[in-house]
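Accompanying notes for the structure given below.
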Amino acid sequence: MKIIRAKNYDDLSRKAANIISAQVILKPDSVLGLATGSSPIGTYRQLVDWYNKGDIDFSEAKTVNLDEYRGLPKTDPQSYDYFMREHFFDHVNIRPENIHLPDGMAECPDSECTQYDNIVKSLGGVDLQLLGCGRNGHIGFNEPSDFFAKGTHVVDLAESTIEANKRFFTSADDVPRQAYSMGIQTIMLARRILIIISGEDKAEAVKQGFFGPITPQVPASILQLHPDVSLIADEAALSLCSL
Ligand code: GLP
């Protein structure tokens, strides 16, 4: 595991965008696994900026997102589909047919999960997976659990995640209780993983996830077993780790 120390959120965002940009330049038809949340917003902003300057071309790239709230339509501003369009897809030349997210409104959750796994497989797997990390160590929406989930599945969101994500909604009551999430096996099969973590409130998750035992109670800890994972964290997120 490579640990890349960033001065702050802006520095972290530039470093992450540099890695994604290099991936797409080296392999224009890369399959990018993408994440939502506040962590990657600066990364997407930087990529859009470089796209506008003509430095990066997404016309052949394909994307698969990690997760989506169950029960929110794409038109809901809190859906991850909406988030991705707002922060990234609408501002670059990714072809709509190359964009994939779980459908939060799917009628049959089981077949939606199977179908999503099949999409990832049919694309040949993920070349570079971008991840954020929850305060409880979740990745995607893989919450602390007694086991690591393999493929795409429906998750009951942890109270702490509902609490953490309520800032995006009118109240905690409006946060969906379930979500679709790519499984840990799919994430671990990505050829490269880039995880970005910012802020003091994530310091414990960094300590437990990257310097503690590997356990499904801290889902990010499984990343310690991946052969090509880069953690970009700012000073605040690394404050509990003596490096
Ligand atoms: C959300 C998302 C994750 C994200 C995490 C951290 O619930 N499902 O993919 O990485 O929580 O979010 P943030 O970056 O806003 O702290």
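Following the order of the structure tokens, first chain is A, next is B, and so on, with residues numbered from 1 inside each chain and ligands from 1 in the order they appear.
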Ala179 of chain A: which residues within 6 Å, counting only C-alpha atoms, same-chain residues fewer than 4 positions away excluded, as a list of chain:residue names?
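Those residues are A:Glu68, A:Tyr69, A:Arg70, A:Val154, A:Val155.
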For N, CA, C and O atoms, I'd like the residues from the last selection saved as a short mmCIF file (atom, residue, chain, number, x, y, z; two decimals), in the first residue's frame.
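Once written, part-v9.cif looks like this:
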data_model
loop_
_atom_site.label_atom_id
_atom_site.label_comp_id
_atom_site.auth_asym_id
_atom_site.auth_seq_id
_atom_site.Cartn_x
_atom_site.Cartn_y
_atom_site.Cartn_z
N GLU A 68 -25.81 3.38 -4.84
CA GLU A 68 -26.97 4.25 -5.07
C GLU A 68 -27.99 4.01 -3.96
O GLU A 68 -28.14 2.87 -3.48
N TYR A 69 -28.65 5.06 -3.53
CA TYR A 69 -29.73 4.89 -2.56
C TYR A 69 -30.88 4.12 -3.17
O TYR A 69 -31.24 4.36 -4.32
N ARG A 70 -31.46 3.23 -2.40
CA ARG A 70 -32.64 2.49 -2.88
C ARG A 70 -33.87 3.35 -2.62
O ARG A 70 -34.06 3.84 -1.50
N VAL A 154 -28.13 -5.35 -1.47
CA VAL A 154 -28.89 -4.28 -0.82
C VAL A 154 -28.43 -4.21 0.63
O VAL A 154 -28.29 -5.22 1.31
N VAL A 155 -28.15 -2.99 1.07
CA VAL A 155 -27.60 -2.78 2.42
C VAL A 155 -28.61 -2.04 3.27
O VAL A 155 -29.25 -1.10 2.80
#
Test item: residues lying within 6 Å of ligand 1 with only C-alpha atoms and all ligand atoms, as a list in words
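The residues within 6 Å of ligand 1, counting only C-alpha atoms and all ligand atoms, are Ala35, Thr36, Gly37, Ser38, Ser39, Leu131, Gly132, Cys133, Gly134, Ile139, Gly140 and Phe141 of chain A.
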Output as a list in words all residues of segment 54-180 of chain A that backbone DSSP marks as strand (DSSP E or B).
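Assigned to strand (DSSP E or B), within segment 54-180 of chain A: Lys62, Thr63, Val64, Asn65, Asp67, Glu68, Tyr69, Ile99, His100, Leu128, Gln129, Leu130, Leu131, Ile139, Asn142, His153, Val154, Val155, Asp156, Gln178, Ala179 and Tyr180 of chain A.
Taking atom CA of Asp174 of chain A as the reference point, atom CA of Leu101 of chain A is found at 21.3 Å.
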I'd like the neighbourhood of Asn18 of chain A as a list in words, where a residue qualifies if any of its atoms comes within 9 Å (using only C-alpha atoms), though same-chain residues fewer than 6 positions away should be ignored.
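With the cut-off at 9 Å, the set is Thr43, Gln46 and Leu47 of chain A.
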Print the selection's residues with all heavy atoms to a file, as a short mmCIF file (atom, residue, chain, number, x, y, z; two decimals), in the first residue's frame.
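File again19.cif, as written:
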data_model
loop_
_atom_site.label_atom_id
_atom_site.label_comp_id
_atom_site.auth_asym_id
_atom_site.auth_seq_id
_atom_site.Cartn_x
_atom_site.Cartn_y
_atom_site.Cartn_z
N THR A 43 -11.89 16.36 -6.53
CA THR A 43 -11.21 15.57 -7.57
C THR A 43 -11.95 15.74 -8.90
O THR A 43 -11.35 15.98 -9.95
CB THR A 43 -11.19 14.07 -7.17
OG1 THR A 43 -10.58 13.96 -5.88
CG2 THR A 43 -10.44 13.23 -8.18
N GLN A 46 -11.38 19.17 -10.36
CA GLN A 46 -10.06 19.28 -11.00
C GLN A 46 -10.05 18.59 -12.37
O GLN A 46 -9.51 19.11 -13.34
CB GLN A 46 -9.00 18.68 -10.08
CG GLN A 46 -7.60 18.78 -10.60
CD GLN A 46 -7.10 20.22 -10.70
OE1 GLN A 46 -6.74 20.82 -9.70
NE2 GLN A 46 -7.13 20.79 -11.89
N LEU A 47 -10.68 17.41 -12.44
CA LEU A 47 -10.73 16.70 -13.72
C LEU A 47 -11.50 17.49 -14.76
O LEU A 47 -11.11 17.54 -15.94
CB LEU A 47 -11.37 15.31 -13.53
CG LEU A 47 -10.51 14.27 -12.79
CD1 LEU A 47 -11.34 13.02 -12.48
CD2 LEU A 47 -9.27 13.89 -13.61
#
Using only C-alpha atoms, find each residue of segment 36-101 of chain A with at least one atom at most 9 Å away from an atom of segment 182-191 of chain A; report its shortest atom-to-atom pair and that distance in Å (one decimal), sort the rows by chain and rising residue number, and return the result as CSV.
residue,atom,partner,partner_atom,distance
A:Asn65,CA,A:Met182,CA,8.1
A:Leu66,CA,A:Met182,CA,5.3
A:Asp67,CA,A:Met182,CA,6.1
Near-segment 81-98 of chain A list (12 Å; only C-alpha atoms; drop same-chain fewer than 4 positions) as a PyMOL selection string
chain A and resi 24+28-70+72-77+102-105+119-120+123+168
For Ala149 of chain A, the closest of A:Ser230, A:Ser198, A:Gln217, A:Gln115 counting only C-alpha atoms is A:Gln217
I'd like to know which of A:Gly151, A:Gly137, A:Pro109, A:Gly199 is closest to Asp10 of chain A, using only C-alpha atoms.
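Among A:Gly151, A:Gly137, A:Pro109, A:Gly199, it is A:Gly199 that comes nearest to Asp10 of chain A.
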Measure the distance from atom CA of Ile4 of chain A to atom CA of Asp127 of chain A in Å and round it to one decimal.
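That distance, rounded to one decimal, is 19.8 Å.
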Which is closer to Pro216 of chain A than all the others in A:Asn136, A:Leu238, A:Ala164, A:Ala233, using only C-alpha atoms?
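Closest residue, counting only C-alpha atoms: A:Asn136.
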Every residue of segment 34-144 of chain A that DSSP places in alpha helix (DSSP H), as a PyMOL selection string
chain A and resi 41-52+80-87+109-122
For the selection just defined, write its residues with N, CA and C atoms to a file, as a CSV table (one decimal), in the first residue's frame.
chain,number,residue,atom,x,y,z
A,41,ILE,N,-15.5,15.4,-4.5
A,41,ILE,CA,-16.0,16.5,-5.3
A,41,ILE,C,-14.9,17.4,-5.8
A,42,GLY,N,-13.8,17.6,-5.0
A,42,GLY,CA,-12.7,18.4,-5.5
A,42,GLY,C,-11.9,17.7,-6.6
A,43,THR,N,-11.9,16.4,-6.5
A,43,THR,CA,-11.2,15.6,-7.6
A,43,THR,C,-11.9,15.7,-8.9
A,44,TYR,N,-13.3,15.6,-8.8
A,44,TYR,CA,-14.1,15.8,-10.1
A,44,TYR,C,-13.9,17.2,-10.6
A,45,ARG,N,-13.9,18.2,-9.7
A,45,ARG,CA,-13.8,19.6,-10.1
A,45,ARG,C,-12.4,19.8,-10.9
A,46,GLN,N,-11.4,19.2,-10.4
A,46,GLN,CA,-10.1,19.3,-11.0
A,46,GLN,C,-10.0,18.6,-12.4
A,47,LEU,N,-10.7,17.4,-12.4
A,47,LEU,CA,-10.7,16.7,-13.7
A,47,LEU,C,-11.5,17.5,-14.8
A,48,VAL,N,-12.6,18.1,-14.3
A,48,VAL,CA,-13.4,18.9,-15.3
A,48,VAL,C,-12.6,20.1,-15.8
A,49,ASP,N,-11.8,20.7,-14.8
A,49,ASP,CA,-10.9,21.8,-15.2
A,49,ASP,C,-9.9,21.4,-16.3
A,50,TRP,N,-9.3,20.3,-16.0
A,50,TRP,CA,-8.3,19.8,-17.0
A,50,TRP,C,-9.0,19.4,-18.3
A,51,TYR,N,-10.2,18.9,-18.2
A,51,TYR,CA,-10.9,18.5,-19.5
A,51,TYR,C,-11.2,19.8,-20.3
A,52,ASN,N,-11.6,20.9,-19.6
A,52,ASN,CA,-11.9,22.1,-20.3
A,52,ASN,C,-10.6,22.7,-20.9
A,80,TYR,N,-27.4,9.4,-6.2
A,80,TYR,CA,-26.0,9.5,-6.6
A,80,TYR,C,-25.9,9.7,-8.1
A,81,ASP,N,-27.0,9.2,-8.8
A,81,ASP,CA,-27.0,9.5,-10.3
A,81,ASP,C,-27.0,11.0,-10.5
A,82,TYR,N,-27.8,11.7,-9.8
A,82,TYR,CA,-27.9,13.2,-9.9
A,82,TYR,C,-26.6,13.8,-9.5
A,83,PHE,N,-26.0,13.3,-8.4
A,83,PHE,CA,-24.7,13.8,-7.9
A,83,PHE,C,-23.6,13.7,-9.0
A,84,MET,N,-23.6,12.5,-9.6
A,84,MET,CA,-22.5,12.3,-10.6
A,84,MET,C,-22.7,13.2,-11.8
A,85,ARG,N,-23.9,13.4,-12.2
A,85,ARG,CA,-24.2,14.3,-13.4
A,85,ARG,C,-23.8,15.8,-13.0
A,86,GLU,N,-24.2,16.1,-11.8
A,86,GLU,CA,-24.0,17.5,-11.3
A,86,GLU,C,-22.5,17.8,-11.2
A,87,HIS,N,-21.7,16.9,-10.7
A,87,HIS,CA,-20.3,17.2,-10.4
A,87,HIS,C,-19.3,16.7,-11.5
A,109,PRO,N,-35.0,-6.0,-6.5
A,109,PRO,CA,-33.7,-5.7,-6.0
A,109,PRO,C,-32.7,-6.9,-6.4
A,110,ASP,N,-33.2,-8.1,-6.3
A,110,ASP,CA,-32.2,-9.2,-6.6
A,110,ASP,C,-31.7,-9.2,-8.0
A,111,SER,N,-32.7,-9.0,-9.0
A,111,SER,CA,-32.2,-9.0,-10.4
A,111,SER,C,-31.4,-7.7,-10.6
A,112,GLU,N,-31.7,-6.6,-10.0
A,112,GLU,CA,-30.9,-5.4,-10.1
A,112,GLU,C,-29.4,-5.7,-9.7
A,113,CYS,N,-29.3,-6.4,-8.6
A,113,CYS,CA,-27.9,-6.7,-8.1
A,113,CYS,C,-27.2,-7.6,-9.1
A,114,THR,N,-27.9,-8.7,-9.6
A,114,THR,CA,-27.2,-9.6,-10.6
A,114,THR,C,-26.9,-8.8,-11.8
A,115,GLN,N,-27.8,-8.0,-12.3
A,115,GLN,CA,-27.6,-7.2,-13.5
A,115,GLN,C,-26.4,-6.3,-13.4
A,116,TYR,N,-26.3,-5.7,-12.2
A,116,TYR,CA,-25.1,-4.7,-12.0
A,116,TYR,C,-23.8,-5.5,-12.0
A,117,ASP,N,-23.8,-6.6,-11.4
A,117,ASP,CA,-22.6,-7.4,-11.4
A,117,ASP,C,-22.2,-7.8,-12.8
A,118,ASN,N,-23.2,-8.2,-13.6
A,118,ASN,CA,-23.0,-8.6,-14.9
A,118,ASN,C,-22.4,-7.5,-15.8
A,119,ILE,N,-22.9,-6.2,-15.5
A,119,ILE,CA,-22.4,-5.1,-16.3
A,119,ILE,C,-20.9,-4.9,-16.0
A,120,VAL,N,-20.5,-5.0,-14.7
A,120,VAL,CA,-19.1,-4.9,-14.3
A,120,VAL,C,-18.3,-6.0,-15.0
A,121,LYS,N,-18.8,-7.2,-15.0
A,121,LYS,CA,-18.1,-8.3,-15.6
A,121,LYS,C,-17.9,-8.1,-17.1
A,122,SER,N,-19.0,-7.7,-17.7
A,122,SER,CA,-19.0,-7.5,-19.2
A,122,SER,C,-18.0,-6.4,-19.6
For Ala158 of chain A, the nearest of the candidates A:Asp11, A:Glu143, A:Glu107, A:Asp201, counting only C-alpha atoms
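Of A:Asp11, A:Glu143, A:Glu107, A:Asp201, the one nearest Ala158 of chain A, counting only C-alpha atoms, is A:Glu143.
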One residue among A:Phe211, A:Lys2, A:Gly71, A:Lys202 is nearest to Tyr180 of chain A when using only C-alpha atoms, and that residue is A:Gly71
For Lys166 of chain A, work out the shell of residues within 10 Å, counting only C-alpha atoms and skipping chain neighbours fewer than 6 positions away, then give it as a ChimeraX atom specification.
/A:160,172-176
